[in-house]
Amino acid sequence: MKNKLIIGRYLPNHSTVHHLDPRAKLIFVFVFIIFIFFCHSFGTYAWIFLLIIISMKLAKIPFGFLMKGLTPIFFFLIFTFLMHILFTNGGKTLLHWGFFTIESNGVIEGIYISLRLIFIVMIATIMTLSTSPIDLTDAFEKLLAPLKWVKIPVHQLSMMMSIALRFIPTLMDELEKIILAQKSRGSEISSGSIVTRIKAFIPLMVPLFISAFQRAEELAIAMEVRGYDMNVKRTSYRLLHWRLKDTITLILLIPIGLILFIIKYSGV
């Protein structure tokens with residue numbers, strides 16, 4: 001279980017993407033996700049997929065390892081695809097059975113939305129694998145610093161994001177321990193139909209939530225013991241340095257967007 005969920009983990013490596021400023025990576029990914037929402041043809045999705053492959057190679061992340069990040073959302077992708085093919089009308093009728101009618105527009109729209117979700121997860125996973133949680137927190141806080149003038153607790157939000165990212169692998173480890181404990185007691189979790197597996201997972205949620213709350217309480221007590229005060233102005237031990245390559249990375253968004261819209265409006 002823990003090996004399947006890789007989003008939120010950091011993969012130490014020496015690559016071009018790893019050495020970029022985390023602020024540049026956050027801005028790039030944010031704009032890139034906006035570009036993904038403008039995709040509505042196979043040509044535009046092919047262009048986005050090519051860029052993701054290039055980013056993956058620059059970050060020195062194996063393709064198979066990256067695809068593991070899609071495993072937890074596999075059933076959600078299937079559900080999204082089925083909802084579109086069943087409830088989106090238009091185009092040629094591919095199948096008609098009783099109350100259900102599957103038409104070509106529903107299939108195409110289901111493929112588009114599924115690809116959109118896959119690409120968003122992939123680019124976000126590349127960012128988390130190539131950026132440590134501490135750097136992401138610092139970048140998030142620096143980028144949202146102007147919001148402090150309107151009394152938005154930027155530091156608290158950054159701290160919450162950092163803790164949430166760190167808790168994802170921890171909770172997955174805890175879930176795996178609970179599953180192994182249930183299997184040792186004769187519980188059938190990994191066998192049977194999908195409905196049976198879902199029913200078997202429901203009892204796992206209670207001990208998982210109890211463990212999460214206990215860990216959160218222990219973390220809060222540890223922070224209080226160390227004198228943490230969220231209202232005190234804090235300094236950073238790690239300083240972020242913006243370089244020329246970070247500027248070039250953001251400038252690349254211009255030709256990426258231009259090519260995307262050229263493909264989109266050329267009907268490819």
# chains A, B, ... in the order shown; residues from 1 in each chain; ligands from 1

$ select_by_dssp --residues "stretch 58-241 of chain A" --states "helix (DSSP H, G or I)" --output "MDAnalysis selection string"
chainID A and resid 58 63:87 104:129 133:143 145:150 154:184 194:225

$ residues_around --residues "A:Ile259" --least-positions-apart "5" --cutoff "9 Å" --atoms "only C-alpha atoms" --output "list in words"
Thr44, Trp47, Ile254 and Lys264 of chain A

$ write_last_selection --atoms "all heavy atoms" --output "short mmCIF file (atom, residue, chain, number, x, y, z; two decimals), in the first residue's frame"
data_model
loop_
_atom_site.label_atom_id
_atom_site.label_comp_id
_atom_site.auth_asym_id
_atom_site.auth_seq_id
_atom_site.Cartn_x
_atom_site.Cartn_y
_atom_site.Cartn_z
N THR A 44 -3.87 18.33 -28.38
CA THR A 44 -3.45 19.10 -27.21
C THR A 44 -3.01 18.18 -26.07
O THR A 44 -2.03 18.47 -25.37
CB THR A 44 -4.58 20.02 -26.74
OG1 THR A 44 -5.78 19.23 -26.54
CG2 THR A 44 -4.87 21.09 -27.76
N TRP A 47 0.46 16.91 -26.78
CA TRP A 47 1.46 17.93 -26.49
C TRP A 47 1.75 18.01 -24.99
O TRP A 47 2.91 18.06 -24.57
CB TRP A 47 0.98 19.28 -27.02
CG TRP A 47 1.78 20.47 -26.61
CD1 TRP A 47 1.34 21.56 -25.92
CD2 TRP A 47 3.17 20.72 -26.88
NE1 TRP A 47 2.35 22.46 -25.72
CE2 TRP A 47 3.49 21.98 -26.30
CE3 TRP A 47 4.17 20.02 -27.53
CZ2 TRP A 47 4.76 22.53 -26.37
CZ3 TRP A 47 5.44 20.56 -27.60
CH2 TRP A 47 5.73 21.80 -27.02
N ILE A 254 5.51 30.57 -22.00
CA ILE A 254 4.94 31.34 -23.12
C ILE A 254 4.87 30.51 -24.39
O ILE A 254 3.79 30.35 -24.98
CB ILE A 254 5.73 32.65 -23.32
CG1 ILE A 254 5.64 33.53 -22.06
CG2 ILE A 254 5.19 33.40 -24.55
CD1 ILE A 254 6.48 34.78 -22.14
N LYS A 264 -4.86 23.68 -30.44
CA LYS A 264 -6.28 23.65 -30.06
C LYS A 264 -7.17 24.24 -31.16
O LYS A 264 -8.21 23.65 -31.52
CB LYS A 264 -6.45 24.43 -28.76
CG LYS A 264 -7.90 24.54 -28.26
CD LYS A 264 -7.96 25.34 -26.98
CE LYS A 264 -9.40 25.56 -26.53
NZ LYS A 264 -10.01 24.30 -26.08
#

$ atom_distance --atom1 "atom CA of A:Val154" --atom2 "atom CA of A:Ala139"
11.3 Å

$ select_by_dssp --residues "stretch 78-248 of chain A" --states "strand (DSSP E or B)" --output "PyMOL selection string"
chain A and resi 93-97+100-103

$ residues_around --residues "stretch 29-41 of chain A" --least-positions-apart "4" --cutoff "10 Å" --atoms "only C-alpha atoms" --output "short mmCIF file (atom, residue, chain, number, x, y, z; two decimals) with all heavy atoms, in the first residue's frame"
data_model
loop_
_atom_site.label_atom_id
_atom_site.label_comp_id
_atom_site.auth_asym_id
_atom_site.auth_seq_id
_atom_site.Cartn_x
_atom_site.Cartn_y
_atom_site.Cartn_z
N ARG A 23 9.89 28.01 -5.73
CA ARG A 23 8.88 28.99 -6.14
C ARG A 23 8.63 28.91 -7.64
O ARG A 23 7.48 29.00 -8.10
CB ARG A 23 9.34 30.40 -5.75
CG ARG A 23 9.39 30.64 -4.25
CD ARG A 23 10.07 31.94 -3.91
NE ARG A 23 11.50 31.89 -4.25
CZ ARG A 23 12.36 32.88 -4.02
NH1 ARG A 23 11.90 34.02 -3.48
NH2 ARG A 23 13.63 32.76 -4.32
N ALA A 24 9.70 28.73 -8.41
CA ALA A 24 9.56 28.59 -9.86
C ALA A 24 8.78 27.33 -10.20
O ALA A 24 7.93 27.33 -11.11
CB ALA A 24 10.93 28.57 -10.53
N LYS A 25 9.04 26.25 -9.48
CA LYS A 25 8.33 25.00 -9.74
C LYS A 25 6.85 25.12 -9.39
O LYS A 25 5.99 24.61 -10.12
CB LYS A 25 8.98 23.86 -8.96
CG LYS A 25 10.30 23.40 -9.56
CD LYS A 25 10.85 22.17 -8.88
CE LYS A 25 11.65 22.52 -7.67
NZ LYS A 25 12.37 21.36 -7.10
N TYR A 45 -3.71 17.07 -25.88
CA TYR A 45 -3.32 16.13 -24.83
C TYR A 45 -1.99 15.46 -25.16
O TYR A 45 -1.20 15.17 -24.26
CB TYR A 45 -4.41 15.09 -24.62
CG TYR A 45 -5.57 15.59 -23.80
CD1 TYR A 45 -6.82 15.82 -24.36
CD2 TYR A 45 -5.42 15.84 -22.43
CE1 TYR A 45 -7.88 16.29 -23.61
CE2 TYR A 45 -6.48 16.31 -21.66
CZ TYR A 45 -7.71 16.53 -22.26
OH TYR A 45 -8.74 16.99 -21.50
N ALA A 46 -1.75 15.21 -26.46
CA ALA A 46 -0.46 14.63 -26.86
C ALA A 46 0.68 15.61 -26.56
O ALA A 46 1.77 15.20 -26.13
CB ALA A 46 -0.49 14.29 -28.34
N TRP A 47 0.46 16.91 -26.78
CA TRP A 47 1.46 17.93 -26.49
C TRP A 47 1.75 18.01 -24.99
O TRP A 47 2.91 18.06 -24.57
CB TRP A 47 0.98 19.28 -27.02
CG TRP A 47 1.78 20.47 -26.61
CD1 TRP A 47 1.34 21.56 -25.92
CD2 TRP A 47 3.17 20.72 -26.88
NE1 TRP A 47 2.35 22.46 -25.72
CE2 TRP A 47 3.49 21.98 -26.30
CE3 TRP A 47 4.17 20.02 -27.53
CZ2 TRP A 47 4.76 22.53 -26.37
CZ3 TRP A 47 5.44 20.56 -27.60
CH2 TRP A 47 5.73 21.80 -27.02
N ILE A 48 0.71 17.97 -24.18
CA ILE A 48 0.88 18.00 -22.73
C ILE A 48 1.61 16.75 -22.24
O ILE A 48 2.51 16.82 -21.38
CB ILE A 48 -0.49 18.13 -22.03
CG1 ILE A 48 -1.10 19.51 -22.31
CG2 ILE A 48 -0.36 17.91 -20.52
CD1 ILE A 48 -0.33 20.67 -21.74
N PHE A 49 1.26 15.59 -22.81
CA PHE A 49 1.92 14.34 -22.41
C PHE A 49 3.40 14.37 -22.76
O PHE A 49 4.24 13.91 -21.98
CB PHE A 49 1.23 13.15 -23.10
CG PHE A 49 1.82 11.82 -22.72
CD1 PHE A 49 1.68 11.32 -21.44
CD2 PHE A 49 2.53 11.08 -23.66
CE1 PHE A 49 2.23 10.09 -21.09
CE2 PHE A 49 3.08 9.86 -23.32
CZ PHE A 49 2.93 9.36 -22.02
N LEU A 51 5.31 17.03 -22.88
CA LEU A 51 5.96 17.92 -21.91
C LEU A 51 6.15 17.22 -20.56
O LEU A 51 7.17 17.42 -19.89
CB LEU A 51 5.12 19.19 -21.74
CG LEU A 51 5.01 20.10 -22.97
CD1 LEU A 51 4.03 21.23 -22.70
CD2 LEU A 51 6.38 20.67 -23.34
N ILE A 52 5.17 16.41 -20.16
CA ILE A 52 5.29 15.67 -18.90
C ILE A 52 6.43 14.66 -18.98
O ILE A 52 7.20 14.49 -18.03
CB ILE A 52 3.95 14.99 -18.55
CG1 ILE A 52 2.91 16.05 -18.18
CG2 ILE A 52 4.13 14.02 -17.39
CD1 ILE A 52 1.53 15.50 -17.89
N ILE A 108 -15.74 10.04 -25.79
CA ILE A 108 -14.64 10.99 -26.01
C ILE A 108 -14.46 11.90 -24.80
O ILE A 108 -13.34 12.15 -24.34
CB ILE A 108 -14.89 11.80 -27.28
CG1 ILE A 108 -14.85 10.88 -28.51
CG2 ILE A 108 -13.87 12.93 -27.43
CD1 ILE A 108 -15.22 11.56 -29.80
N GLU A 109 -15.59 12.40 -24.27
CA GLU A 109 -15.52 13.29 -23.11
C GLU A 109 -14.96 12.56 -21.89
O GLU A 109 -14.18 13.12 -21.10
CB GLU A 109 -16.90 13.86 -22.80
CG GLU A 109 -16.90 15.04 -21.85
CD GLU A 109 -16.24 16.28 -22.46
OE1 GLU A 109 -16.21 16.40 -23.71
OE2 GLU A 109 -15.75 17.12 -21.68
N TYR A 112 -11.22 12.37 -22.34
CA TYR A 112 -10.60 13.68 -22.11
C TYR A 112 -10.48 13.98 -20.61
O TYR A 112 -9.42 14.40 -20.13
CB TYR A 112 -11.41 14.77 -22.80
CG TYR A 112 -11.25 14.82 -24.30
CD1 TYR A 112 -12.14 15.55 -25.09
CD2 TYR A 112 -10.22 14.15 -24.93
CE1 TYR A 112 -11.99 15.61 -26.47
CE2 TYR A 112 -10.07 14.19 -26.31
CZ TYR A 112 -10.96 14.92 -27.07
OH TYR A 112 -10.81 14.98 -28.44
N ILE A 113 -11.57 13.79 -19.88
CA ILE A 113 -11.55 14.12 -18.45
C ILE A 113 -10.61 13.19 -17.69
O ILE A 113 -9.90 13.62 -16.78
CB ILE A 113 -12.99 14.04 -17.86
CG1 ILE A 113 -13.91 15.05 -18.56
CG2 ILE A 113 -12.97 14.31 -16.37
CD1 ILE A 113 -13.46 16.50 -18.44
N LEU A 115 -7.92 11.71 -18.91
CA LEU A 115 -6.55 12.14 -19.23
C LEU A 115 -6.19 13.41 -18.47
O LEU A 115 -5.06 13.57 -18.01
CB LEU A 115 -6.42 12.39 -20.74
CG LEU A 115 -6.39 11.15 -21.63
CD1 LEU A 115 -6.38 11.56 -23.10
CD2 LEU A 115 -5.17 10.29 -21.32
N ARG A 116 -7.16 14.29 -18.32
CA ARG A 116 -6.92 15.54 -17.58
C ARG A 116 -6.54 15.24 -16.14
O ARG A 116 -5.57 15.81 -15.60
CB ARG A 116 -8.17 16.41 -17.65
CG ARG A 116 -8.01 17.82 -17.10
CD ARG A 116 -9.26 18.62 -17.36
NE ARG A 116 -9.50 18.80 -18.80
CZ ARG A 116 -10.60 19.34 -19.30
NH1 ARG A 116 -11.58 19.74 -18.48
NH2 ARG A 116 -10.74 19.50 -20.60
N LEU A 117 -7.27 14.35 -15.50
CA LEU A 117 -6.96 13.98 -14.11
C LEU A 117 -5.61 13.29 -14.01
O LEU A 117 -4.83 13.55 -13.09
CB LEU A 117 -8.07 13.07 -13.56
CG LEU A 117 -9.45 13.71 -13.38
CD1 LEU A 117 -10.47 12.66 -12.98
CD2 LEU A 117 -9.41 14.82 -12.34
N PHE A 119 -2.97 13.60 -16.01
CA PHE A 119 -1.88 14.55 -16.23
C PHE A 119 -1.68 15.47 -15.03
O PHE A 119 -0.55 15.82 -14.69
CB PHE A 119 -2.14 15.37 -17.49
CG PHE A 119 -2.04 14.56 -18.76
CD1 PHE A 119 -2.56 15.03 -19.96
CD2 PHE A 119 -1.41 13.33 -18.77
CE1 PHE A 119 -2.46 14.28 -21.12
CE2 PHE A 119 -1.30 12.58 -19.92
CZ PHE A 119 -1.82 13.06 -21.10
N ILE A 120 -2.77 15.87 -14.38
CA ILE A 120 -2.66 16.73 -13.20
C ILE A 120 -1.93 15.99 -12.08
O ILE A 120 -1.04 16.54 -11.42
CB ILE A 120 -4.05 17.20 -12.74
CG1 ILE A 120 -4.64 18.20 -13.74
CG2 ILE A 120 -3.98 17.83 -11.35
CD1 ILE A 120 -6.05 18.62 -13.43
N VAL A 121 -2.30 14.72 -11.86
CA VAL A 121 -1.64 13.92 -10.83
C VAL A 121 -0.18 13.70 -11.18
O VAL A 121 0.71 13.78 -10.31
CB VAL A 121 -2.37 12.58 -10.64
CG1 VAL A 121 -1.59 11.67 -9.70
CG2 VAL A 121 -3.77 12.81 -10.09
N ILE A 123 1.93 15.61 -13.10
CA ILE A 123 2.78 16.80 -12.97
C ILE A 123 2.93 17.19 -11.49
O ILE A 123 3.99 17.64 -11.06
CB ILE A 123 2.22 17.98 -13.81
CG1 ILE A 123 3.25 19.09 -13.93
CG2 ILE A 123 0.92 18.49 -13.23
CD1 ILE A 123 4.49 18.70 -14.69
N ALA A 124 1.86 17.00 -10.70
CA ALA A 124 1.95 17.29 -9.26
C ALA A 124 2.90 16.30 -8.58
O ALA A 124 3.66 16.68 -7.67
CB ALA A 124 0.57 17.23 -8.62
N ILE A 126 5.48 14.76 -9.99
CA ILE A 126 6.85 15.13 -10.37
C ILE A 126 7.36 16.27 -9.49
O ILE A 126 8.51 16.26 -9.05
CB ILE A 126 6.89 15.53 -11.86
CG1 ILE A 126 6.66 14.32 -12.75
CG2 ILE A 126 8.24 16.17 -12.21
CD1 ILE A 126 6.55 14.65 -14.22
N MET A 127 6.49 17.23 -9.19
CA MET A 127 6.90 18.35 -8.35
C MET A 127 7.21 17.89 -6.93
O MET A 127 8.24 18.28 -6.35
CB MET A 127 5.81 19.42 -8.32
CG MET A 127 6.20 20.64 -7.49
SD MET A 127 4.87 21.87 -7.34
CE MET A 127 3.68 20.96 -6.36
N LEU A 250 10.20 29.79 -16.30
CA LEU A 250 8.90 30.44 -16.38
C LEU A 250 8.67 31.07 -17.76
O LEU A 250 7.53 31.09 -18.24
CB LEU A 250 8.79 31.51 -15.29
CG LEU A 250 8.83 31.00 -13.84
CD1 LEU A 250 8.57 32.13 -12.86
CD2 LEU A 250 7.83 29.87 -13.64
N LEU A 253 6.98 28.94 -20.35
CA LEU A 253 5.53 28.79 -20.33
C LEU A 253 4.87 29.52 -21.51
O LEU A 253 3.80 29.12 -21.96
CB LEU A 253 4.96 29.32 -19.01
CG LEU A 253 5.22 28.45 -17.77
CD1 LEU A 253 4.86 29.22 -16.53
CD2 LEU A 253 4.45 27.15 -17.86
N ILE A 256 5.08 27.30 -24.62
CA ILE A 256 4.24 26.13 -24.33
C ILE A 256 2.77 26.47 -24.52
O ILE A 256 2.01 25.71 -25.15
CB ILE A 256 4.51 25.62 -22.90
CG1 ILE A 256 5.89 24.97 -22.81
CG2 ILE A 256 3.44 24.63 -22.47
CD1 ILE A 256 6.30 24.59 -21.40
N GLY A 257 2.36 27.62 -23.98
CA GLY A 257 0.97 28.03 -24.13
C GLY A 257 0.61 28.37 -25.57
O GLY A 257 -0.49 28.03 -26.05
N LEU A 260 0.17 25.21 -27.51
CA LEU A 260 -1.06 24.56 -27.07
C LEU A 260 -2.28 25.15 -27.76
O LEU A 260 -3.14 24.43 -28.29
CB LEU A 260 -1.20 24.67 -25.55
CG LEU A 260 -2.50 24.14 -24.95
CD1 LEU A 260 -2.59 22.63 -25.09
CD2 LEU A 260 -2.62 24.53 -23.48
N PHE A 261 -2.35 26.49 -27.80
CA PHE A 261 -3.52 27.14 -28.40
C PHE A 261 -3.50 27.03 -29.92
O PHE A 261 -4.55 26.99 -30.56
CB PHE A 261 -3.58 28.60 -27.96
CG PHE A 261 -4.04 28.77 -26.53
CD1 PHE A 261 -3.14 29.12 -25.55
CD2 PHE A 261 -5.35 28.55 -26.17
CE1 PHE A 261 -3.54 29.27 -24.23
CE2 PHE A 261 -5.78 28.68 -24.87
CZ PHE A 261 -4.86 29.05 -23.90
N ILE A 263 -2.40 24.37 -31.54
CA ILE A 263 -2.93 23.01 -31.78
C ILE A 263 -4.42 22.97 -31.51
O ILE A 263 -5.20 22.33 -32.25
CB ILE A 263 -2.19 22.00 -30.87
CG1 ILE A 263 -0.71 21.95 -31.22
CG2 ILE A 263 -2.81 20.61 -31.00
CD1 ILE A 263 0.11 21.08 -30.28
N LYS A 264 -4.86 23.68 -30.44
CA LYS A 264 -6.28 23.65 -30.06
C LYS A 264 -7.17 24.24 -31.16
O LYS A 264 -8.21 23.65 -31.52
CB LYS A 264 -6.45 24.43 -28.76
CG LYS A 264 -7.90 24.54 -28.26
CD LYS A 264 -7.96 25.34 -26.98
CE LYS A 264 -9.40 25.56 -26.53
NZ LYS A 264 -10.01 24.30 -26.08
N TYR A 265 -6.77 25.39 -31.70
CA TYR A 265 -7.63 26.08 -32.68
C TYR A 265 -7.37 25.67 -34.11
O TYR A 265 -8.07 26.11 -35.02
CB TYR A 265 -7.48 27.58 -32.51
CG TYR A 265 -8.06 28.07 -31.20
CD1 TYR A 265 -7.20 28.51 -30.18
CD2 TYR A 265 -9.42 28.07 -30.97
CE1 TYR A 265 -7.71 28.95 -28.96
CE2 TYR A 265 -9.94 28.51 -29.75
CZ TYR A 265 -9.07 28.94 -28.77
OH TYR A 265 -9.59 29.35 -27.56
N GLY A 267 -7.57 22.55 -34.85
CA GLY A 267 -8.43 21.38 -34.99
C GLY A 267 -7.70 20.06 -35.00
O GLY A 267 -8.24 19.05 -35.45
N VAL A 268 -6.45 20.04 -34.50
CA VAL A 268 -5.68 18.79 -34.49
C VAL A 268 -6.17 17.90 -33.34
O VAL A 268 -6.29 18.37 -32.23
CB VAL A 268 -4.17 19.09 -34.33
CG1 VAL A 268 -3.40 17.78 -34.25
CG2 VAL A 268 -3.70 19.94 -35.48
#

$ atom_distance --atom1 "atom CA of A:Leu165" --atom2 "atom CA of A:Leu244"
28.8 Å

$ atom_distance --atom1 "atom CA of A:Pro12" --atom2 "atom CA of A:Arg166"
15.2 Å

$ closest_residue --among "A:Leu204, A:Pro22, A:Ile73, A:Phe167" --to "A:Lys183" --atoms "only C-alpha atoms"
A:Leu204

$ residues_around --residues "A:Leu82" --least-positions-apart "6" --cutoff "9 Å" --atoms "only C-alpha atoms" --output "list in words"
Gly106, Val107 and Gly110 of chain A

$ write_last_selection --atoms "N, CA and C atoms" --output "PDB file, in the first residue's frame"
ATOM      1  N   GLY A 106     -19.965  10.911 -25.335  1.00  0.00           N
ATOM      2  CA  GLY A 106     -19.737  10.525 -23.949  1.00  0.00           C
ATOM      3  C   GLY A 106     -18.428   9.792 -23.775  1.00  0.00           C
ATOM      4  N   VAL A 107     -18.102   8.911 -24.742  1.00  0.00           N
ATOM      5  CA  VAL A 107     -16.837   8.177 -24.662  1.00  0.00           C
ATOM      6  C   VAL A 107     -15.660   9.133 -24.807  1.00  0.00           C
ATOM      7  N   GLY A 110     -15.339  11.290 -21.723  1.00  0.00           N
ATOM      8  CA  GLY A 110     -14.803  10.492 -20.619  1.00  0.00           C
ATOM      9  C   GLY A 110     -13.302  10.299 -20.732  1.00  0.00           C
TER      10      GLY A 110
END

$ closest_residue --among "A:Ser158, A:Asn89, A:Thr249, A:Thr101" --to "A:Thr16" --atoms "only C-alpha atoms"
A:Thr249

$ residues_around --residues "stretch 221-230 of chain A" --least-positions-apart "6" --cutoff "12 Å" --atoms "only C-alpha atoms" --output "compact mmCIF listing (two decimals) with N, CA, C and O atoms, in the first residue's frame"
# COMPACT_ATOMS: atom_id res chain seq x y z
N PRO A 153 -3.64 34.24 7.36
CA PRO A 153 -2.54 33.56 8.08
C PRO A 153 -1.71 32.68 7.13
O PRO A 153 -1.87 31.45 7.09
N VAL A 154 -0.82 33.30 6.40
CA VAL A 154 -0.04 32.58 5.39
C VAL A 154 0.88 31.55 6.05
O VAL A 154 1.01 30.42 5.57
N HIS A 155 1.54 31.95 7.14
CA HIS A 155 2.46 31.02 7.80
C HIS A 155 1.74 29.79 8.32
O HIS A 155 2.23 28.66 8.18
N GLN A 156 0.56 29.98 8.92
CA GLN A 156 -0.20 28.85 9.42
C GLN A 156 -0.64 27.93 8.30
O GLN A 156 -0.59 26.70 8.44
N LEU A 157 -1.05 28.51 7.17
CA LEU A 157 -1.44 27.70 6.03
C LEU A 157 -0.26 26.91 5.48
O LEU A 157 -0.39 25.74 5.10
N SER A 158 0.90 27.54 5.44
CA SER A 158 2.11 26.84 4.97
C SER A 158 2.48 25.70 5.90
O SER A 158 2.86 24.61 5.45
N MET A 159 2.38 25.94 7.20
CA MET A 159 2.67 24.89 8.17
C MET A 159 1.70 23.72 8.03
O MET A 159 2.10 22.54 8.08
N MET A 160 0.42 24.03 7.82
CA MET A 160 -0.57 22.97 7.64
C MET A 160 -0.27 22.15 6.39
O MET A 160 -0.40 20.91 6.40
N GLN A 214 -4.35 10.67 17.21
CA GLN A 214 -3.33 10.51 18.24
C GLN A 214 -2.00 11.12 17.79
O GLN A 214 -1.33 11.80 18.58
N ARG A 215 -1.64 10.89 16.54
CA ARG A 215 -0.40 11.47 16.02
C ARG A 215 -0.49 12.99 15.96
O ARG A 215 0.49 13.70 16.24

$ decode --residues "stretch 17-35 of chain A" --atoms "N, CA, C and O atoms" --output "mmCIF file, in the first residue's frame"
data_model
loop_
_atom_site.group_PDB
_atom_site.id
_atom_site.type_symbol
_atom_site.label_atom_id
_atom_site.label_comp_id
_atom_site.auth_asym_id
_atom_site.auth_seq_id
_atom_site.Cartn_x
_atom_site.Cartn_y
_atom_site.Cartn_z
ATOM 1 N N VAL A 17 15.577 19.522 -12.527
ATOM 2 C CA VAL A 17 14.342 19.912 -11.852
ATOM 3 C C VAL A 17 14.563 20.039 -10.349
ATOM 4 O O VAL A 17 14.027 20.952 -9.710
ATOM 5 N N HIS A 18 15.363 19.150 -9.776
ATOM 6 C CA HIS A 18 15.625 19.211 -8.337
ATOM 7 C C HIS A 18 16.313 20.513 -7.938
ATOM 8 O O HIS A 18 16.085 21.037 -6.841
ATOM 9 N N HIS A 19 17.154 21.037 -8.815
ATOM 10 C CA HIS A 19 17.942 22.220 -8.479
ATOM 11 C C HIS A 19 17.233 23.535 -8.777
ATOM 12 O O HIS A 19 17.796 24.601 -8.545
ATOM 13 N N LEU A 20 16.009 23.461 -9.308
ATOM 14 C CA LEU A 20 15.253 24.686 -9.548
ATOM 15 C C LEU A 20 14.718 25.249 -8.235
ATOM 16 O O LEU A 20 14.510 24.521 -7.266
ATOM 17 N N ASP A 21 14.477 26.555 -8.229
ATOM 18 C CA ASP A 21 13.878 27.191 -7.062
ATOM 19 C C ASP A 21 12.455 26.654 -6.888
ATOM 20 O O ASP A 21 11.698 26.584 -7.861
ATOM 21 N N PRO A 22 12.070 26.271 -5.662
ATOM 22 C CA PRO A 22 10.717 25.720 -5.463
ATOM 23 C C PRO A 22 9.609 26.706 -5.828
ATOM 24 O O PRO A 22 8.517 26.287 -6.210
ATOM 25 N N ARG A 23 9.886 28.007 -5.731
ATOM 26 C CA ARG A 23 8.883 28.987 -6.142
ATOM 27 C C ARG A 23 8.633 28.913 -7.644
ATOM 28 O O ARG A 23 7.483 29.004 -8.102
ATOM 29 N N ALA A 24 9.704 28.729 -8.411
ATOM 30 C CA ALA A 24 9.559 28.591 -9.863
ATOM 31 C C ALA A 24 8.777 27.332 -10.203
ATOM 32 O O ALA A 24 7.928 27.333 -11.113
ATOM 33 N N LYS A 25 9.045 26.251 -9.477
ATOM 34 C CA LYS A 25 8.328 25.003 -9.742
ATOM 35 C C LYS A 25 6.850 25.119 -9.395
ATOM 36 O O LYS A 25 5.991 24.606 -10.123
ATOM 37 N N LEU A 26 6.538 25.791 -8.281
ATOM 38 C CA LEU A 26 5.137 25.972 -7.914
ATOM 39 C C LEU A 26 4.393 26.797 -8.962
ATOM 40 O O LEU A 26 3.277 26.452 -9.374
ATOM 41 N N ILE A 27 4.997 27.890 -9.406
ATOM 42 C CA ILE A 27 4.353 28.739 -10.414
ATOM 43 C C ILE A 27 4.194 27.969 -11.724
ATOM 44 O O ILE A 27 3.137 28.027 -12.371
ATOM 45 N N PHE A 28 5.239 27.252 -12.129
ATOM 46 C CA PHE A 28 5.198 26.491 -13.379
ATOM 47 C C PHE A 28 4.081 25.448 -13.333
ATOM 48 O O PHE A 28 3.290 25.326 -14.284
ATOM 49 N N VAL A 29 4.002 24.685 -12.249
ATOM 50 C CA VAL A 29 2.978 23.642 -12.137
ATOM 51 C C VAL A 29 1.582 24.256 -12.104
ATOM 52 O O VAL A 29 0.644 23.728 -12.718
ATOM 53 N N PHE A 30 1.415 25.371 -11.405
ATOM 54 C CA PHE A 30 0.110 26.032 -11.331
ATOM 55 C C PHE A 30 -0.365 26.462 -12.723
ATOM 56 O O PHE A 30 -1.510 26.189 -13.114
ATOM 57 N N VAL A 31 0.512 27.110 -13.486
ATOM 58 C CA VAL A 31 0.147 27.545 -14.836
ATOM 59 C C VAL A 31 -0.036 26.340 -15.758
ATOM 60 O O VAL A 31 -0.934 26.320 -16.606
ATOM 61 N N PHE A 32 0.800 25.319 -15.581
ATOM 62 C CA PHE A 32 0.710 24.113 -16.408
ATOM 63 C C PHE A 32 -0.635 23.421 -16.210
ATOM 64 O O PHE A 32 -1.248 22.934 -17.174
ATOM 65 N N ILE A 33 -1.113 23.373 -14.974
ATOM 66 C CA ILE A 33 -2.424 22.770 -14.707
ATOM 67 C C ILE A 33 -3.536 23.589 -15.365
ATOM 68 O O ILE A 33 -4.517 23.026 -15.888
ATOM 69 N N ILE A 34 -3.386 24.907 -15.382
ATOM 70 C CA ILE A 34 -4.359 25.740 -16.089
ATOM 71 C C ILE A 34 -4.364 25.397 -17.575
ATOM 72 O O ILE A 34 -5.426 25.293 -18.213
ATOM 73 N N PHE A 35 -3.178 25.198 -18.153
ATOM 74 C CA PHE A 35 -3.084 24.792 -19.560
ATOM 75 C C PHE A 35 -3.806 23.464 -19.795
ATOM 76 O O PHE A 35 -4.444 23.279 -20.834
#
